[in-house]
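Enquirer: Below is the file my_file-v8.txt, with compact mmCIF, C-alpha atoms.
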# COMPACT_ATOMS: atom_id res chain seq x y z
CA MET A 82 19.12 -3.29 -4.65
CA ARG A 83 17.62 -2.22 -1.31
CA GLN A 84 15.28 -4.18 0.93
CA LEU A 85 12.65 -2.67 3.18
CA TYR A 86 10.26 -4.35 5.59
CA ILE A 87 6.76 -3.05 6.28
CA LYS A 88 5.02 -4.21 9.44
CA GLN A 89 1.50 -3.20 10.37
CA LYS A 90 0.86 -2.62 14.06
CA VAL A 91 -2.00 -4.92 15.01
CA PHE A 92 -3.68 -2.97 17.82
CA SER A 93 -3.56 0.51 16.30
CA LEU A 94 -6.92 2.23 15.82
CA SER A 95 -5.54 4.69 13.31
CA GLY A 96 -3.51 2.16 11.31
CA LYS A 97 0.23 2.40 11.83
CA PHE A 98 3.08 0.93 9.85
CA SER A 99 6.77 1.13 10.37
CA VAL A 100 9.09 0.63 7.43
CA LYS A 101 12.56 -0.62 8.30
CA ASP A 102 15.67 -1.45 6.36
CA GLU A 103 17.61 -4.71 6.63
CA ARG A 104 19.47 -3.37 9.72
CA GLU A 105 16.18 -2.65 11.56
CA ASN A 106 16.56 1.13 11.13
CA GLU A 107 13.22 2.90 10.75
CA VAL A 108 13.19 4.54 7.33
CA TYR A 109 9.51 5.56 7.00
CA PHE A 110 6.59 6.01 9.35
CA VAL A 111 3.03 5.55 8.16
CA GLU A 112 0.02 6.67 10.15
CA GLY A 113 -3.62 6.63 9.20
CA SER A 114 -6.15 9.22 10.25
CA PHE A 115 -8.53 8.27 13.04
CA MET A 116 -12.19 9.30 12.82
CA GLN A 117 -11.47 11.63 9.91
CA ILE A 118 -13.23 11.96 6.58
CA PRO A 119 -11.72 11.31 4.13
CA LYS A 120 -9.57 8.51 5.54
CA THR A 121 -5.89 9.20 4.85
CA PHE A 122 -2.52 7.58 5.43
CA SER A 123 0.50 9.85 5.69
CA ILE A 124 3.96 8.48 4.87
CA LYS A 125 6.89 10.34 6.42
CA ASP A 126 10.60 9.76 6.05
CA SER A 127 12.95 9.47 9.04
CA SER A 128 13.32 13.29 9.09
CA GLY A 129 9.54 13.73 9.47
CA HIS A 130 8.95 15.06 5.94
CA GLU A 131 5.80 13.80 4.25
CA VAL A 132 6.76 11.87 1.11
CA GLY A 133 3.42 10.21 0.38
CA LEU A 134 -0.28 10.51 1.08
CA ILE A 135 -3.01 7.95 0.48
CA THR A 136 -6.59 9.21 0.44
CA LYS A 137 -9.75 7.13 0.24
CA LYS A 138 -12.29 8.89 -1.97
CA THR A 139 -15.24 9.80 0.24
CA PHE A 140 -18.27 9.76 -2.00
CA SER A 141 -17.97 7.07 -4.63
CA PHE A 142 -20.07 4.06 -5.57
CA LEU A 143 -17.03 1.77 -5.40
CA PRO A 144 -13.99 2.29 -3.13
CA THR A 145 -11.23 4.37 -4.73
CA PHE A 146 -7.82 5.26 -3.28
CA PHE A 147 -5.53 8.04 -4.52
CA VAL A 148 -1.79 7.84 -3.91
CA GLU A 149 0.29 11.03 -3.93
CA VAL A 150 4.07 11.00 -3.85
CA ASN A 151 5.93 14.26 -3.23
CA GLY A 152 2.70 16.23 -3.69
CA ARG A 153 1.74 14.70 -7.07
CA GLU A 154 -0.90 12.07 -7.75
CA ALA A 155 0.92 8.94 -8.87
CA VAL A 156 -1.46 5.98 -8.55
CA MET A 157 -5.19 5.31 -8.33
CA ILE A 158 -6.57 2.02 -6.98
CA LYS A 159 -10.24 1.45 -7.76
CA LYS A 160 -12.60 -1.41 -7.04
CA GLN A 161 -14.37 -2.81 -10.09
CA PHE A 162 -17.98 -3.93 -10.05
CA SER A 163 -18.14 -7.73 -9.72
CA PHE A 164 -20.58 -10.17 -8.18
CA PHE A 165 -18.27 -12.85 -6.81
CA LYS A 166 -14.67 -11.90 -6.12
CA ALA A 167 -13.35 -8.45 -5.27
CA ARG A 168 -11.49 -6.95 -8.22
CA TYR A 169 -9.43 -3.80 -8.19
CA THR A 170 -7.55 -1.95 -10.89
CA ILE A 171 -4.29 -0.10 -10.36
CA ASP A 172 -3.88 2.91 -12.61
CA ALA A 173 -0.44 4.49 -12.81
CA VAL A 174 1.37 6.28 -15.61
CA ASP A 175 3.95 4.01 -17.27
CA MET A 176 3.64 1.49 -14.42
CA GLU A 177 2.26 -2.01 -14.26
CA VAL A 178 1.74 -4.38 -11.35
CA ARG A 179 2.27 -8.02 -12.32
CA GLY A 180 1.55 -11.01 -10.13
CA ASN A 181 -0.88 -11.69 -7.34
CA TRP A 182 -1.08 -8.27 -5.75
CA TRP A 183 -4.17 -9.25 -3.75
CA ASP A 184 -2.00 -11.78 -1.86
CA MET A 185 0.88 -9.27 -1.78
CA ASN A 186 3.23 -11.19 -4.09
CA PHE A 187 3.91 -9.05 -7.12
CA GLY A 188 6.40 -7.09 -9.17
CA VAL A 189 6.14 -3.43 -10.15
CA TYR A 190 7.33 -2.52 -13.64
CA GLN A 191 7.93 0.82 -15.29
CA ASN A 192 8.25 0.87 -19.07
CA GLY A 193 8.74 -2.92 -18.99
CA GLU A 194 11.62 -2.82 -16.46
CA ILE A 195 11.18 -4.13 -12.91
CA ILE A 196 11.56 -1.38 -10.31
CA GLY A 197 10.52 -3.37 -7.25
CA SER A 198 8.84 -6.48 -5.91
CA VAL A 199 6.75 -7.31 -2.85
CA SER A 200 6.26 -10.53 -0.94
CA LYS A 201 4.10 -11.15 2.09
CA LYS A 202 5.75 -12.67 5.13
CA TRP A 203 3.68 -15.47 6.61
CA PHE A 204 3.36 -16.51 10.25
CA THR A 205 3.82 -13.02 11.65
CA TRP A 206 1.76 -11.02 14.15
CA GLY A 207 0.09 -8.45 11.91
CA ASP A 208 0.71 -8.07 8.20
CA SER A 209 4.36 -7.93 7.20
CA TYR A 210 5.79 -7.39 3.74
CA GLU A 211 9.25 -7.47 2.21
CA LEU A 212 9.85 -4.84 -0.46
CA GLN A 213 12.82 -5.25 -2.78
CA ILE A 214 13.67 -2.02 -4.57
CA GLU A 215 15.53 -2.30 -7.85
CA ASN A 216 15.32 1.43 -8.70
CA GLU A 217 15.96 3.48 -5.54
CA GLU A 218 14.57 6.64 -7.18
CA MET A 219 11.15 4.95 -6.97
CA GLU A 220 11.42 4.01 -3.28
CA SER A 221 8.79 6.44 -1.92
CA LEU A 222 6.34 5.48 -4.66
CA LEU A 223 6.81 1.75 -4.00
CA VAL A 224 6.30 2.16 -0.24
CA ALA A 225 3.14 4.22 -0.89
CA LEU A 226 1.85 1.62 -3.36
CA VAL A 227 2.27 -1.25 -0.87
CA VAL A 228 0.51 0.72 1.89
CA ALA A 229 -2.31 1.70 -0.51
CA ILE A 230 -2.88 -1.91 -1.62
CA ASP A 231 -2.90 -3.02 2.02
CA CYS A 232 -5.41 -0.25 2.77
CA ALA A 233 -7.67 -1.41 -0.10
CA LYS A 234 -7.46 -4.99 1.19
CA SER A 235 -8.32 -3.91 4.74
CA ASN A 236 -11.25 -1.88 3.42
CA GLN A 237 -12.52 -4.94 1.52
CA ALA A 238 -12.15 -7.19 4.58
CA ALA A 239 -14.07 -4.68 6.73
CA ALA A 240 -16.86 -4.47 4.14
CA ALA A 241 -17.06 -8.26 3.90
CA SER A 242 -17.40 -8.65 7.66
CA THR A 243 -20.18 -6.04 7.92
CA PRO A 244 -23.70 -7.54 7.75
CA GLY A 245 -25.73 -6.37 4.79
CA VAL A 246 -22.80 -5.04 2.80
Spit out the file's structure as structure tokens when you get a sec.

Expert:
Amino acid sequence: MRQLYIKQKVFSLSGKFSVKDERENEVYFVEGSFMQIPKTFSIKDSSGHEVGLITKKTFSFLPTFFVEVNGREAVMIKKQFSFFKARYTIDAVDMEVRGNWWDMNFGVYQNGEIIGSVSKKWFTWGDSYELQIENEEMESLLVALVVAIDCAKSNQAAAASTPGV
């Protein structure tokens, strides 16, 4: 089992995350596009190779995010129409997210077996998450999924704070 820590940089206009291991070594770098349509987040490993890409669909009635890992679409996160509370669905082949993913406390399962879990760290400056990886072959996908869910949450918070939306 491997543990990674994702910390969002609070004062970054483009949206930056660093992903570190338990020894504080930077394993992945995540950077969002600034003033670009469509909005994207690129995930690079420590060698600078892109291992994941999150893209917000530009023209859609409800917000939709596509997650690519190693050049292939792996996950889609889509907001559902609801009047009271924001609801999103996570669509991934043979994968299921169980738990309270909106509060960043959930497990990720593939074919019924847990492959990773996420928990939000409280009382930190900026959002911080602990990612426990049970299946290391799925590491890039799990990092991309956490960043995509955080992106969807940030998008929802921005929409909620905008008058008339």

Enquirer: Find the spatial neighbours of A:Gly188, counting all atoms listed in the file, within a cut-off of 9 Å - ignore same-chain residues fewer than 5 positions away - and output them as a tab-separated table (two decimals) with C-alpha atoms, in the coordinates of the input.

Expert:
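Just written: part.tsv:
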chain	number	residue	atom	x	y	z
A	177	GLU	CA	2.26	-2.01	-14.26
A	178	VAL	CA	1.74	-4.38	-11.35
A	179	ARG	CA	2.27	-8.02	-12.32
A	180	GLY	CA	1.55	-11.01	-10.13
A	181	ASN	CA	-0.88	-11.69	-7.34
A	182	TRP	CA	-1.08	-8.27	-5.75
A	195	ILE	CA	11.18	-4.13	-12.91
A	196	ILE	CA	11.56	-1.38	-10.31
A	197	GLY	CA	10.52	-3.37	-7.25
A	198	SER	CA	8.84	-6.48	-5.91
A	199	VAL	CA	6.75	-7.31	-2.85
A	200	SER	CA	6.26	-10.53	-0.94

Enquirer: Mind checking which residues fall within 7 Å of stretch 118-124 of chain A, counting all atoms listed in the file, ignoring those fewer than 6 positions away in the same chain, and posting them as a ChimeraX atom specification?

Expert: /A:109-112,131-139

Enquirer: In Å, how far is it from atom CA of A:Ser209 to atom CA of A:Asp175?

Expert: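 One can read the atom CA of A:Ser209 to atom CA of A:Asp175 distance as 27.2 Å.
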
Enquirer: Smallest atom-to-atom distance to A:Gln161: which of A:Leu143, A:Val174, A:Ala233, A:Leu85, using all atoms listed in the file?

Expert: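 Comparing A:Leu143, A:Val174, A:Ala233, A:Leu85 against A:Gln161, the winner is A:Leu143.
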
Enquirer: Find the residues around A:Leu223 up to 12 Å (only C-alpha atoms counted), leave out those fewer than 2 positions away in its own chain, and share them as a PyMOL selection string.

Expert: chain A and resi 83-87+100+109+124+132-133+148-150+155-156+173+176-178+187-191+195-199+211-221+225-230

Enquirer: Which residue, A:Ser114, A:Ser127, A:Ser99, A:Thr145, has the smallest gap to A:Thr170 when you use all atoms listed in the file?

Expert: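 For A:Thr170, the nearest of the candidates is A:Thr145.
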
Enquirer: Work out how far apart atom CA of A:Lys88 and atom CA of A:Phe147 are and give it in Å to one decimal.

Expert: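 Those two atoms sit 21.4 Å apart.
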
Enquirer: Taking into account all atoms listed in the file, which residue in the set A:Phe146, A:Arg153, A:Ser128, A:Asp172 is nearest to A:Asp231?

Expert: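 So, comparing all the options, the nearest one is A:Phe146.
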
Enquirer: Have a look at A:Tyr210, A:Tyr169, A:Trp183, A:Phe162 and name the one nearest to A:Asp102; count all atoms listed in the file.

Expert: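 For A:Asp102, the nearest of the given residues is A:Tyr210.
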
Enquirer: If I take atom CA of A:Met185 and atom CA of A:Lys125, how far is one from the other in Å, to one decimal?

Expert: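 Between these atoms lies a distance of 22.1 Å.
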